$ cat start-v1.txt   # compact mmCIF, C-alpha atoms
# COMPACT_ATOMS: atom_id res chain seq x y z
CA MET R 29 0.77 7.26 -37.49
CA GLU R 30 3.67 4.90 -38.14
CA PHE R 31 4.46 4.47 -34.48
CA VAL R 32 3.62 1.90 -31.86
CA TRP R 33 4.12 3.45 -28.43
CA HIS R 34 5.22 1.24 -25.55
CA ILE R 35 5.63 3.04 -22.28
CA ASP R 36 6.25 1.15 -19.09
CA GLY R 37 7.12 1.84 -15.51
CA THR R 38 10.88 1.99 -15.31
CA ALA R 39 13.05 3.89 -17.79
CA PRO R 40 12.72 7.64 -18.39
CA LEU R 41 9.87 8.40 -20.78
CA TYR R 42 12.01 10.19 -23.36
CA ILE R 43 14.25 7.12 -23.73
CA GLN R 44 11.23 4.87 -24.30
CA LEU R 45 9.77 7.30 -26.85
CA ALA R 46 13.12 7.50 -28.67
CA ASP R 47 13.22 3.66 -28.70
CA ASP R 48 9.78 3.51 -30.33
CA ILE R 49 10.64 6.08 -33.01
CA ARG R 50 14.03 4.46 -33.65
CA LEU R 51 12.33 1.10 -34.16
CA ALA R 52 9.85 2.62 -36.65
CA ILE R 53 12.80 3.96 -38.64
CA ILE R 54 15.02 0.87 -38.64
CA GLN R 55 12.04 -1.36 -39.46
CA GLY R 56 11.33 0.88 -42.45
CA ARG R 57 7.87 1.96 -41.32
CA LEU R 58 9.34 5.42 -41.67
CA MET R 59 11.59 5.59 -44.74
CA PRO R 60 14.83 7.57 -45.15
CA GLY R 61 13.95 11.12 -46.16
CA ALA R 62 10.41 10.89 -44.77
CA ARG R 63 9.08 13.90 -42.93
CA ILE R 64 8.40 13.42 -39.23
CA ALA R 65 5.22 14.81 -37.70
CA SER R 66 5.41 17.88 -35.46
CA VAL R 67 6.34 17.53 -31.80
CA ARG R 68 2.82 18.44 -30.77
CA ASP R 69 1.19 15.90 -33.08
CA LEU R 70 3.57 13.17 -31.95
CA ALA R 71 2.96 14.10 -28.30
CA PHE R 72 -0.79 13.99 -28.88
CA ASP R 73 -0.50 10.59 -30.57
CA ALA R 74 1.63 9.11 -27.77
CA LYS R 75 -0.34 10.94 -25.04
CA VAL R 76 2.82 12.41 -23.58
CA ASN R 77 4.10 15.83 -22.68
CA PRO R 78 5.42 17.78 -25.72
CA ASN R 79 8.64 18.69 -23.88
CA THR R 80 9.31 14.98 -23.29
CA MET R 81 8.69 14.21 -26.98
CA GLN R 82 11.01 17.08 -27.92
CA ARG R 83 13.72 15.52 -25.80
CA ALA R 84 13.24 12.13 -27.51
CA LEU R 85 13.66 13.76 -30.93
CA THR R 86 16.73 15.66 -29.78
CA GLU R 87 18.24 12.34 -28.70
CA LEU R 88 17.60 10.85 -32.16
CA GLU R 89 19.08 13.94 -33.81
CA ARG R 90 22.18 13.50 -31.70
CA GLU R 91 22.45 9.90 -32.97
CA GLY R 92 22.17 11.18 -36.55
CA LEU R 93 18.96 9.27 -37.24
CA ILE R 94 16.90 12.43 -37.65
CA GLU R 95 17.84 15.74 -39.27
CA THR R 96 16.27 19.14 -38.93
CA HIS R 97 16.01 21.12 -42.16
CA GLY R 98 15.46 24.67 -41.00
CA THR R 99 11.79 25.53 -40.85
CA ALA R 100 10.79 22.65 -43.15
CA GLY R 101 10.75 20.29 -40.18
CA ARG R 102 12.39 17.05 -39.20
CA PHE R 103 13.22 14.23 -41.56
CA VAL R 104 14.57 10.69 -41.29
CA ALA R 105 18.26 10.80 -42.18
CA VAL R 106 19.20 9.38 -45.58
CA ASN R 107 22.65 8.25 -44.42
CA GLU R 108 22.63 4.46 -44.84
CA GLU R 109 25.74 3.90 -42.74
CA VAL R 110 24.15 5.59 -39.75
CA LEU R 111 20.98 3.58 -40.23
CA LYS R 112 22.90 0.34 -40.46
CA SER R 113 25.09 1.00 -37.43
CA ILE R 114 22.05 1.91 -35.34
CA LYS R 115 20.19 -1.17 -36.48
CA ASP R 116 23.26 -3.25 -35.52
CA ARG R 117 23.32 -1.62 -32.13
CA VAL R 118 19.63 -2.34 -31.51
CA ILE R 119 20.13 -5.98 -32.50
CA ASP R 120 23.22 -6.28 -30.28
CA ASP R 121 21.26 -4.83 -27.38
CA LEU R 122 18.50 -7.38 -27.89
CA VAL R 123 21.04 -10.22 -28.00
CA SER R 124 22.78 -8.99 -24.83
CA ASP R 125 19.44 -8.79 -23.09
CA PHE R 126 18.57 -12.30 -24.26
CA ILE R 127 21.92 -13.69 -23.02
CA LYS R 128 21.44 -12.06 -19.63
CA ARG R 129 17.98 -13.54 -19.25
CA MET R 130 19.17 -16.99 -20.26
CA GLU R 131 22.11 -16.80 -17.84
CA ALA R 132 19.69 -15.88 -15.10
CA LEU R 133 18.04 -19.26 -15.84
CA ASP R 134 21.43 -21.08 -15.83
CA CYS R 135 21.14 -21.66 -19.57
CA ASP R 136 24.59 -21.22 -21.15
CA ARG R 137 25.26 -19.91 -24.65
CA GLU R 138 25.70 -23.33 -26.28
CA GLU R 139 22.37 -24.47 -24.95
CA ALA R 140 20.73 -21.20 -25.99
CA VAL R 141 22.09 -21.53 -29.54
CA ARG R 142 21.04 -25.19 -29.66
CA ARG R 143 17.51 -24.26 -28.67
CA ILE R 144 17.36 -21.50 -31.26
CA ASN R 145 18.50 -23.91 -33.97
CA GLU R 146 15.99 -26.54 -32.88
CA ARG R 147 13.24 -24.07 -33.68
CA LYS R 148 14.23 -23.88 -37.36
CA GLY R 149 11.34 -24.85 -39.56
CA GLU R 150 8.83 -24.44 -36.77
CA GLU R 151 7.81 -20.90 -37.67
CA MET M 29 11.10 39.78 -10.54
CA SER M 30 11.24 36.12 -11.37
CA ASP M 31 9.69 34.45 -14.41
CA ALA M 32 7.68 32.07 -12.28
CA VAL M 33 4.02 31.66 -13.17
CA LEU M 34 3.24 30.54 -9.63
CA GLU M 35 5.47 31.23 -6.67
CA THR M 36 5.10 30.90 -2.92
CA ARG M 37 7.40 32.35 -0.25
CA GLY M 38 7.06 31.09 3.28
CA LEU M 39 3.41 30.38 2.52
CA TYR M 40 1.38 29.43 5.55
CA LYS M 41 -2.33 28.77 5.84
CA ALA M 42 -4.30 27.77 8.91
CA TYR M 43 -8.01 27.30 9.53
CA GLY M 44 -8.26 28.32 13.17
CA PRO M 45 -5.84 26.11 15.09
CA ARG M 46 -5.38 23.68 12.18
CA THR M 47 -2.36 24.33 9.95
CA VAL M 48 -2.99 23.23 6.35
CA ILE M 49 0.00 24.73 4.50
CA SER M 50 3.25 25.24 6.36
CA ASP M 51 6.26 27.28 5.15
CA MET M 52 5.88 26.37 1.50
CA ASN M 53 8.41 27.71 -0.99
CA ILE M 54 7.83 26.72 -4.59
CA SER M 55 8.45 28.34 -7.96
CA LEU M 56 6.69 26.96 -11.04
CA PRO M 57 8.03 28.10 -14.43
CA ALA M 58 6.08 28.77 -17.63
CA GLY M 59 5.47 26.15 -20.30
CA LYS M 60 5.08 23.13 -18.03
CA ILE M 61 2.42 20.66 -17.01
CA ILE M 62 2.92 19.96 -13.34
CA GLY M 63 1.27 17.33 -11.17
CA LEU M 64 0.32 18.20 -7.60
CA LEU M 65 0.23 14.81 -5.95
CA GLY M 66 -0.46 13.66 -2.44
CA PRO M 67 -2.92 11.83 -0.20
CA ASN M 68 -6.29 13.23 0.78
CA GLY M 69 -6.12 16.10 3.22
CA CYS M 70 -2.49 17.05 2.53
CA GLY M 71 -3.34 20.59 1.39
CA LYS M 72 -3.57 20.26 -2.42
CA THR M 73 -6.97 21.91 -2.72
CA THR M 74 -6.01 24.66 -0.26
CA LEU M 75 -2.90 25.51 -2.31
CA ILE M 76 -4.99 25.66 -5.49
CA LYS M 77 -7.61 27.86 -3.82
CA LEU M 78 -4.89 30.22 -2.58
CA ALA M 79 -3.52 30.49 -6.13
CA ALA M 80 -7.03 31.09 -7.47
CA GLY M 81 -7.51 33.90 -4.94
CA ILE M 82 -10.43 32.18 -3.21
CA LEU M 83 -8.48 31.93 0.03
CA THR M 84 -5.91 34.35 1.43
CA PRO M 85 -2.67 33.28 3.12
CA THR M 86 -2.42 33.38 6.91
CA ASP M 87 1.24 34.32 6.47
CA GLY M 88 3.82 34.47 3.68
CA GLU M 89 3.12 35.13 0.03
CA ILE M 90 1.65 33.49 -3.02
CA LEU M 91 2.26 35.18 -6.37
CA VAL M 92 0.77 34.50 -9.79
CA CYS M 93 2.99 36.00 -12.50
CA GLY M 94 4.51 38.15 -9.75
CA ARG M 95 1.17 39.39 -8.45
CA GLN M 96 -0.92 38.59 -5.40
CA PRO M 97 -4.15 36.89 -6.54
CA ASP M 98 -6.87 39.46 -7.28
CA GLU M 99 -9.32 40.40 -10.06
CA VAL M 100 -6.41 41.01 -12.43
CA THR M 101 -4.84 37.57 -11.95
CA ARG M 102 -8.30 35.99 -12.31
CA SER M 103 -8.35 37.30 -15.87
CA PHE M 104 -5.41 35.02 -16.73
CA VAL M 105 -5.93 32.15 -14.29
CA SER M 106 -8.32 29.40 -15.36
CA TYR M 107 -9.51 27.46 -12.34
CA LEU M 108 -11.35 24.15 -12.26
CA PRO M 109 -12.75 23.66 -8.76
CA GLU M 110 -13.22 20.30 -7.13
CA ARG M 111 -16.98 20.73 -7.01
CA THR M 112 -19.42 22.04 -9.55
CA TYR M 113 -20.47 25.69 -9.37
CA LEU M 114 -22.70 25.89 -12.46
CA SER M 115 -26.44 26.26 -11.94
CA GLY M 116 -28.50 23.16 -12.81
CA ARG M 117 -30.99 25.30 -14.71
CA MET M 118 -28.36 26.36 -17.24
CA THR M 119 -27.73 24.51 -20.48
CA ALA M 120 -24.20 23.74 -21.69
CA ARG M 121 -24.73 26.32 -24.43
CA SER M 122 -25.68 29.05 -21.95
CA ALA M 123 -22.68 28.10 -19.79
CA VAL M 124 -20.45 28.63 -22.83
CA ASP M 125 -22.08 32.03 -23.48
CA TYR M 126 -21.63 32.95 -19.83
CA PHE M 127 -17.91 32.12 -19.92
CA SER M 128 -17.54 33.93 -23.22
CA ASP M 129 -19.04 37.11 -21.70
CA PHE M 130 -17.00 36.82 -18.57
CA TYR M 131 -13.52 35.95 -19.89
CA ALA M 132 -11.87 37.86 -22.72
CA ASP M 133 -9.54 34.90 -23.39
CA PHE M 134 -12.40 32.39 -23.90
CA ASP M 135 -12.73 30.62 -27.27
CA SER M 136 -16.39 29.55 -27.83
CA SER M 137 -15.74 27.61 -31.00
CA ARG M 138 -13.08 25.54 -29.25
CA ALA M 139 -15.57 24.80 -26.46
CA HIS M 140 -18.29 23.72 -28.91
CA SER M 141 -15.88 21.52 -30.82
CA MET M 142 -14.77 19.77 -27.63
CA MET M 143 -18.40 19.33 -26.55
CA ALA M 144 -19.17 17.65 -29.88
CA HIS M 145 -16.15 15.31 -29.44
CA LEU M 146 -17.14 14.33 -25.93
CA GLY M 147 -20.84 13.98 -26.65
CA VAL M 148 -22.04 16.81 -24.41
CA ASP M 149 -25.49 17.90 -25.65
CA PRO M 150 -25.38 21.73 -25.73
CA ASP M 151 -29.12 22.09 -25.11
CA ALA M 152 -29.61 19.71 -22.19
CA LYS M 153 -30.17 21.30 -18.78
CA LEU M 154 -27.14 20.73 -16.58
CA LYS M 155 -29.22 19.11 -13.84
CA THR M 156 -30.19 16.35 -16.30
CA LEU M 157 -26.54 15.51 -17.10
CA SER M 158 -24.61 12.73 -15.36
CA LYS M 159 -21.84 13.63 -12.91
CA GLY M 160 -19.20 12.61 -15.45
CA THR M 161 -20.75 14.68 -18.24
CA LYS M 162 -20.91 17.73 -15.98
CA GLU M 163 -17.24 17.25 -15.15
CA LYS M 164 -16.41 17.02 -18.84
CA LEU M 165 -18.28 20.26 -19.50
CA GLN M 166 -16.51 22.10 -16.70
CA LEU M 167 -13.12 20.99 -17.92
CA ILE M 168 -14.05 22.02 -21.47
CA LEU M 169 -14.96 25.50 -20.19
CA VAL M 170 -11.72 25.83 -18.26
CA MET M 171 -9.49 24.57 -21.09
CA SER M 172 -11.19 26.79 -23.69
CA ARG M 173 -9.52 29.82 -22.18
CA ALA M 174 -6.08 31.06 -23.27
CA ALA M 175 -4.84 31.48 -19.71
CA ARG M 176 -1.33 31.82 -18.24
CA LEU M 177 -2.09 29.43 -15.41
CA TYR M 178 -4.57 26.55 -15.35
CA LEU M 179 -5.45 25.21 -11.93
CA LEU M 180 -7.16 21.83 -12.28
CA ASP M 181 -8.34 20.29 -9.03
CA GLU M 182 -8.99 16.58 -9.62
CA PRO M 183 -10.04 17.05 -13.25
CA ILE M 184 -10.40 13.43 -14.36
CA GLY M 185 -11.67 11.58 -11.30
CA GLY M 186 -15.29 11.27 -12.41
CA VAL M 187 -14.96 10.56 -16.12
CA ASP M 188 -14.63 7.26 -17.93
CA PRO M 189 -11.23 6.10 -19.28
CA ALA M 190 -11.96 7.00 -22.93
CA ALA M 191 -13.01 10.55 -22.02
CA ARG M 192 -10.00 10.73 -19.70
CA GLU M 193 -7.70 10.04 -22.64
CA TYR M 194 -9.39 12.70 -24.72
CA ILE M 195 -9.18 15.21 -21.90
CA LEU M 196 -5.48 14.54 -21.30
CA ARG M 197 -4.86 14.94 -25.03
CA THR M 198 -6.86 18.17 -24.91
CA ILE M 199 -4.57 19.46 -22.19
CA ILE M 200 -1.47 18.45 -24.18
CA SER M 201 -2.61 20.13 -27.37
CA ASN M 202 -4.23 23.23 -25.87
CA TYR M 203 -1.74 24.63 -23.42
CA ALA M 204 0.54 27.25 -24.85
CA GLU M 205 4.26 27.65 -24.38
CA ASN M 206 3.94 30.54 -21.96
CA SER M 207 1.30 28.93 -19.80
CA THR M 208 1.51 26.46 -16.98
CA VAL M 209 -0.93 23.74 -16.00
CA LEU M 210 -1.10 22.59 -12.38
CA ILE M 211 -3.11 19.37 -11.99
CA SER M 212 -3.97 17.88 -8.63
CA THR M 213 -4.89 14.22 -8.78
CA HIS M 214 -4.48 10.85 -7.17
CA LEU M 215 -4.80 9.06 -10.56
CA ILE M 216 -1.07 9.17 -11.12
CA SER M 217 -0.63 6.31 -13.56
CA ASP M 218 -3.15 7.89 -15.94
CA ILE M 219 -1.49 11.25 -15.88
CA GLU M 220 2.22 10.77 -15.39
CA THR M 221 3.20 10.62 -19.08
CA VAL M 222 1.54 13.99 -19.58
CA LEU M 223 3.50 15.74 -16.84
CA ASP M 224 6.82 17.58 -17.04
CA ASP M 225 7.26 17.85 -13.31
CA PHE M 226 5.53 16.76 -10.15
CA LEU M 227 5.27 17.85 -6.55
CA PHE M 228 4.61 15.39 -3.72
CA MET M 229 2.78 17.07 -0.85
CA ARG M 230 2.47 15.80 2.68
CA SER M 231 0.84 17.53 5.65
CA GLY M 232 1.04 20.98 4.14
CA GLY M 233 4.57 20.80 2.75
CA ILE M 234 6.43 19.62 -0.33
CA VAL M 235 8.30 16.36 0.25
CA MET M 236 9.60 15.89 -3.29
CA GLN M 237 9.80 18.04 -6.40
CA SER M 238 11.30 16.67 -9.61
CA SER M 239 10.85 16.22 -13.31
CA VAL M 240 9.11 12.95 -14.18
CA ASP M 241 12.08 11.69 -16.20
CA GLY M 242 14.54 12.92 -13.57
CA ALA M 243 12.81 10.78 -10.95
CA ARG M 244 12.50 7.78 -13.29
CA GLU M 245 16.21 8.07 -14.05
CA LYS M 246 17.18 8.40 -10.40
CA TYR M 247 14.92 5.76 -8.86
CA GLY M 248 14.24 3.45 -11.85
CA LYS M 249 10.54 3.58 -11.02
CA SER M 250 7.40 5.16 -12.37
CA ILE M 251 6.01 8.13 -10.43
CA ASP M 252 3.03 5.94 -9.56
CA GLU M 253 5.30 3.36 -7.89
CA LEU M 254 7.36 6.08 -6.24
CA PHE M 255 4.19 7.60 -4.82
CA ARG M 256 3.11 4.25 -3.32
CA GLU M 257 6.52 3.95 -1.71
CA VAL M 258 6.71 7.49 -0.32
CA TYR M 259 3.18 7.36 1.06
CA ARG M 260 3.06 3.73 2.18
CA CYS M 261 0.51 3.43 4.97

$ encode --input "start-v1.txt" --output "structure tokens"
Amino acid sequence: MEFVWHIDGTAPLYIQLADDIRLAIIQGRLMPGARIASVRDLAFDAKVNPNTMQRALTELEREGLIETHGTAGRFVAVNEEVLKSIKDRVIDDLVSDFIKRMEALDCDREEAVRRINERKGEE
Amino acid sequence: MSDAVLETRGLYKAYGPRTVISDMNISLPAGKIIGLLGPNGCGKTTLIKLAAGILTPTDGEILVCGRQPDEVTRSFVSYLPERTYLSGRMTARSAVDYFSDFYADFDSSRAHSMMAHLGVDPDAKLKTLSKGTKEKLQLILVMSRAARLYLLDEPIGGVDPAAREYILRTIISNYAENSTVLISTHLISDIETVLDDFLFMRSGGIVMQSSVDGAREKYGKSIDELFREVYRC
């Protein structure tokens, strides 16, 4: 499958599963319009309870990232604006998390940016 | 009538002067995988045996789909005991035939397919199999039924991690929407992602009952960590 499942000890499972599916979509591992596997197959793949997986998908439907087409199943939404705004949100969340961690180490934003820029050309 | 698959009302069980289950009131709905968690000797196995109809309550009631455990409930309750009950002279194949004769809801082809996946030789005598392989076979037999209630008493303790994963996936993909799986175990970290709900038992009572995600949301901890905290020695 297109997914990489990361489940750890803190957040509710359905939120972590939704994060993993969302990432697969915004990274393009799962393209707009692509069909999404059944709840049971996804649950089997992630080794989680099907009801928990169902809840993760419902969350993504609520965000507009996934659409249900009657009995045909679930598909990745084709709406590019939704995709872009969700990708922006994920990036913003990562940046906020990064800033928090740096502040916890008494590293202010200027220093953080300086260190990021110093890395240019290294990779 | 309630829709509970397993229900207890003021359930009480004592062996002579020793109380094992004390005033237990639970109601387990259909379509869920539920973990029965607690330290050794807290009454998990006794509760499962009461539901299986192997023990009778000292007081109060236990109901399976609204019925006191009897021959009728045994036809839709699939019970995996803590210890093996299959004769060592049997082969895995004859155990499958035996189950198939005994239970109308048993699916032989499902059992044989799981045996092939888990490398259980159908023609080996059971007494020649390792403890882990015997445990795999018993779980295969129990999960090859289309039951309303599965009672699994420590189902994964003796098997290696790879087989454990397969078995947990088997439980996920085999249970139907109208059936409930009750799993007693102390291997919480292995099993918690598979569960809908869990019950923490202590000295014959329930000390916590919640959905896995409800508890993670409330306490910001895994059920495994929560367990270590609740039962800290």

$ interface_residues --input "start-v1.txt" --of "chain R" --to "chain M" --cutoff "8 Å" --atoms "all atoms listed in the file" --output "number ranges by chain"
R: 36-42, 68, 71-72, 75-80

$ axis_aligned_box --input "start-v1.txt" --around "segment 130-133 of chain M" --padding-each-side "3 Å" --output "JSON"
{"center_x": -13.3, "center_y": 36.4, "center_z": -21.0, "size_x": 13.5, "size_y": 9.0, "size_z": 10.8}

$ atom_distance --input "start-v1.txt" --atom1 "atom CA of Val187 of chain M" --atom2 "atom CA of His34 of chain R"
24.1 Å

$ residues_around --input "start-v1.txt" --residues "Arg102 of chain R" --least-positions-apart "3" --cutoff "7 Å" --atoms "all atoms listed in the file" --output "number ranges by chain"
R: 63-64, 94-97

$ closest_residue --input "start-v1.txt" --among "R:Ile54, R:Val32, R:Leu85, R:Ala132" --to "Ile114 of chain R" --atoms "only C-alpha atoms"
R:Ile54

$ residues_near_point --input "start-v1.txt" --point "(5.6, 27.9, 1.6)" --cutoff "7 Å" --atoms "only C-alpha atoms" --output "VMD selection string"
chain M and resid 36 to 40 50 to 54

$ closest_residue --input "start-v1.txt" --among "M:Ser238, M:Thr101, M:Thr161, M:Ile168" --to "Phe226 of chain M" --atoms "all atoms listed in the file"
M:Ser238

$ closest_residue --input "start-v1.txt" --among "R:Glu139, R:Asp134, R:Asp48, R:Asp125" --to "Ala84 of chain R" --atoms "all atoms listed in the file"
R:Asp48

$ atom_distance --input "start-v1.txt" --atom1 "atom CA of Lys153 of chain M" --atom2 "atom CA of Gly116 of chain M"
6.5 Å

$ decode --input "start-v1.txt" --residues "segment 122-213 of chain M" --atoms "C-alpha atoms" --output "mmCIF file, in the first residue's frame"
data_model
loop_
_atom_site.group_PDB
_atom_site.id
_atom_site.type_symbol
_atom_site.label_atom_id
_atom_site.label_comp_id
_atom_site.auth_asym_id
_atom_site.auth_seq_id
_atom_site.Cartn_x
_atom_site.Cartn_y
_atom_site.Cartn_z
ATOM 1 C CA SER M 122 -8.420 -34.369 12.778
ATOM 2 C CA ALA M 123 -8.866 -31.440 15.185
ATOM 3 C CA VAL M 124 -10.284 -29.411 12.282
ATOM 4 C CA ASP M 125 -12.651 -32.284 11.390
ATOM 5 C CA TYR M 126 -13.693 -32.563 15.020
ATOM 6 C CA PHE M 127 -14.537 -28.849 15.220
ATOM 7 C CA SER M 128 -16.314 -29.029 11.885
ATOM 8 C CA ASP M 129 -18.552 -31.861 13.167
ATOM 9 C CA PHE M 130 -19.188 -30.145 16.448
ATOM 10 C CA TYR M 131 -19.883 -26.537 15.405
ATOM 11 C CA ALA M 132 -22.303 -25.638 12.620
ATOM 12 C CA ASP M 133 -20.624 -22.223 12.234
ATOM 13 C CA PHE M 134 -17.128 -23.689 11.628
ATOM 14 C CA ASP M 135 -15.361 -22.958 8.318
ATOM 15 C CA SER M 136 -12.827 -25.751 7.551
ATOM 16 C CA SER M 137 -11.334 -24.082 4.506
ATOM 17 C CA ARG M 138 -10.620 -20.942 6.521
ATOM 18 C CA ALA M 139 -8.897 -23.088 9.163
ATOM 19 C CA HIS M 140 -6.738 -24.883 6.573
ATOM 20 C CA SER M 141 -5.772 -21.624 4.917
ATOM 21 C CA MET M 142 -4.687 -20.123 8.251
ATOM 22 C CA MET M 143 -2.740 -23.290 9.087
ATOM 23 C CA ALA M 144 -0.868 -23.003 5.788
ATOM 24 C CA HIS M 145 -0.054 -19.318 6.522
ATOM 25 C CA LEU M 146 1.234 -20.072 9.991
ATOM 26 C CA GLY M 147 3.136 -23.197 9.029
ATOM 27 C CA VAL M 148 1.091 -25.669 11.067
ATOM 28 C CA ASP M 149 1.588 -29.142 9.549
ATOM 29 C CA PRO M 150 -1.913 -30.672 9.323
ATOM 30 C CA ASP M 151 -0.638 -34.243 9.665
ATOM 31 C CA ALA M 152 1.699 -33.904 12.639
ATOM 32 C CA LYS M 153 0.482 -35.360 15.935
ATOM 33 C CA LEU M 154 -0.312 -32.559 18.360
ATOM 34 C CA LYS M 155 2.023 -33.959 21.010
ATOM 35 C CA THR M 156 4.953 -33.454 18.601
ATOM 36 C CA LEU M 157 4.149 -29.752 18.096
ATOM 37 C CA SER M 158 5.818 -26.963 20.068
ATOM 38 C CA LYS M 159 3.800 -25.049 22.669
ATOM 39 C CA GLY M 160 3.607 -22.031 20.364
ATOM 40 C CA THR M 161 2.423 -24.086 17.394
ATOM 41 C CA LYS M 162 -0.276 -25.719 19.509
ATOM 42 C CA GLU M 163 -1.424 -22.269 20.611
ATOM 43 C CA LYS M 164 -1.556 -21.134 17.000
ATOM 44 C CA LEU M 165 -3.675 -24.145 16.087
ATOM 45 C CA GLN M 166 -6.111 -23.559 18.932
ATOM 46 C CA LEU M 167 -6.556 -19.941 17.991
ATOM 47 C CA ILE M 168 -7.070 -20.931 14.351
ATOM 48 C CA LEU M 169 -9.822 -23.341 15.425
ATOM 49 C CA VAL M 170 -11.526 -20.719 17.556
ATOM 50 C CA MET M 171 -11.325 -17.948 14.940
ATOM 51 C CA SER M 172 -12.590 -20.218 12.144
ATOM 52 C CA ARG M 173 -16.051 -20.134 13.642
ATOM 53 C CA ALA M 174 -18.636 -17.474 12.747
ATOM 54 C CA ALA M 175 -19.577 -16.822 16.369
ATOM 55 C CA ARG M 176 -21.395 -13.930 18.068
ATOM 56 C CA LEU M 177 -18.931 -13.817 20.928
ATOM 57 C CA TYR M 178 -15.263 -14.818 20.926
ATOM 58 C CA LEU M 179 -13.696 -15.311 24.335
ATOM 59 C CA LEU M 180 -9.911 -15.384 23.992
ATOM 60 C CA ASP M 181 -8.033 -16.047 27.215
ATOM 61 C CA GLU M 182 -4.392 -14.996 26.731
ATOM 62 C CA PRO M 183 -4.350 -15.861 23.020
ATOM 63 C CA ILE M 184 -0.916 -14.547 22.031
ATOM 64 C CA GLY M 185 1.281 -15.142 25.068
ATOM 65 C CA GLY M 186 3.122 -18.175 23.717
ATOM 66 C CA VAL M 187 3.642 -17.279 20.070
ATOM 67 C CA ASP M 188 6.496 -15.431 18.421
ATOM 68 C CA PRO M 189 6.088 -11.770 17.362
ATOM 69 C CA ALA M 190 5.613 -12.520 13.637
ATOM 70 C CA ALA M 191 2.853 -15.049 14.326
ATOM 71 C CA ARG M 192 1.380 -12.600 16.843
ATOM 72 C CA GLU M 193 1.035 -9.998 14.100
ATOM 73 C CA TYR M 194 -0.628 -12.491 11.800
ATOM 74 C CA ILE M 195 -3.001 -13.598 14.535
ATOM 75 C CA LEU M 196 -3.994 -10.036 15.408
ATOM 76 C CA ARG M 197 -4.599 -9.344 11.720
ATOM 77 C CA THR M 198 -6.652 -12.534 11.570
ATOM 78 C CA ILE M 199 -8.819 -11.248 14.388
ATOM 79 C CA ILE M 200 -9.225 -7.861 12.666
ATOM 80 C CA SER M 201 -10.237 -9.356 9.343
ATOM 81 C CA ASN M 202 -12.348 -12.259 10.596
ATOM 82 C CA TYR M 203 -14.691 -10.806 13.156
ATOM 83 C CA ALA M 204 -18.035 -9.763 11.787
ATOM 84 C CA GLU M 205 -19.992 -6.617 12.503
ATOM 85 C CA ASN M 206 -22.481 -8.335 14.773
ATOM 86 C CA SER M 207 -19.902 -10.198 16.807
ATOM 87 C CA THR M 208 -17.778 -9.176 19.736
ATOM 88 C CA VAL M 209 -14.279 -10.294 20.647
ATOM 89 C CA LEU M 210 -13.191 -10.241 24.285
ATOM 90 C CA ILE M 211 -9.429 -10.706 24.666
ATOM 91 C CA SER M 212 -7.728 -11.117 28.013
ATOM 92 C CA THR M 213 -4.029 -10.362 27.949
#
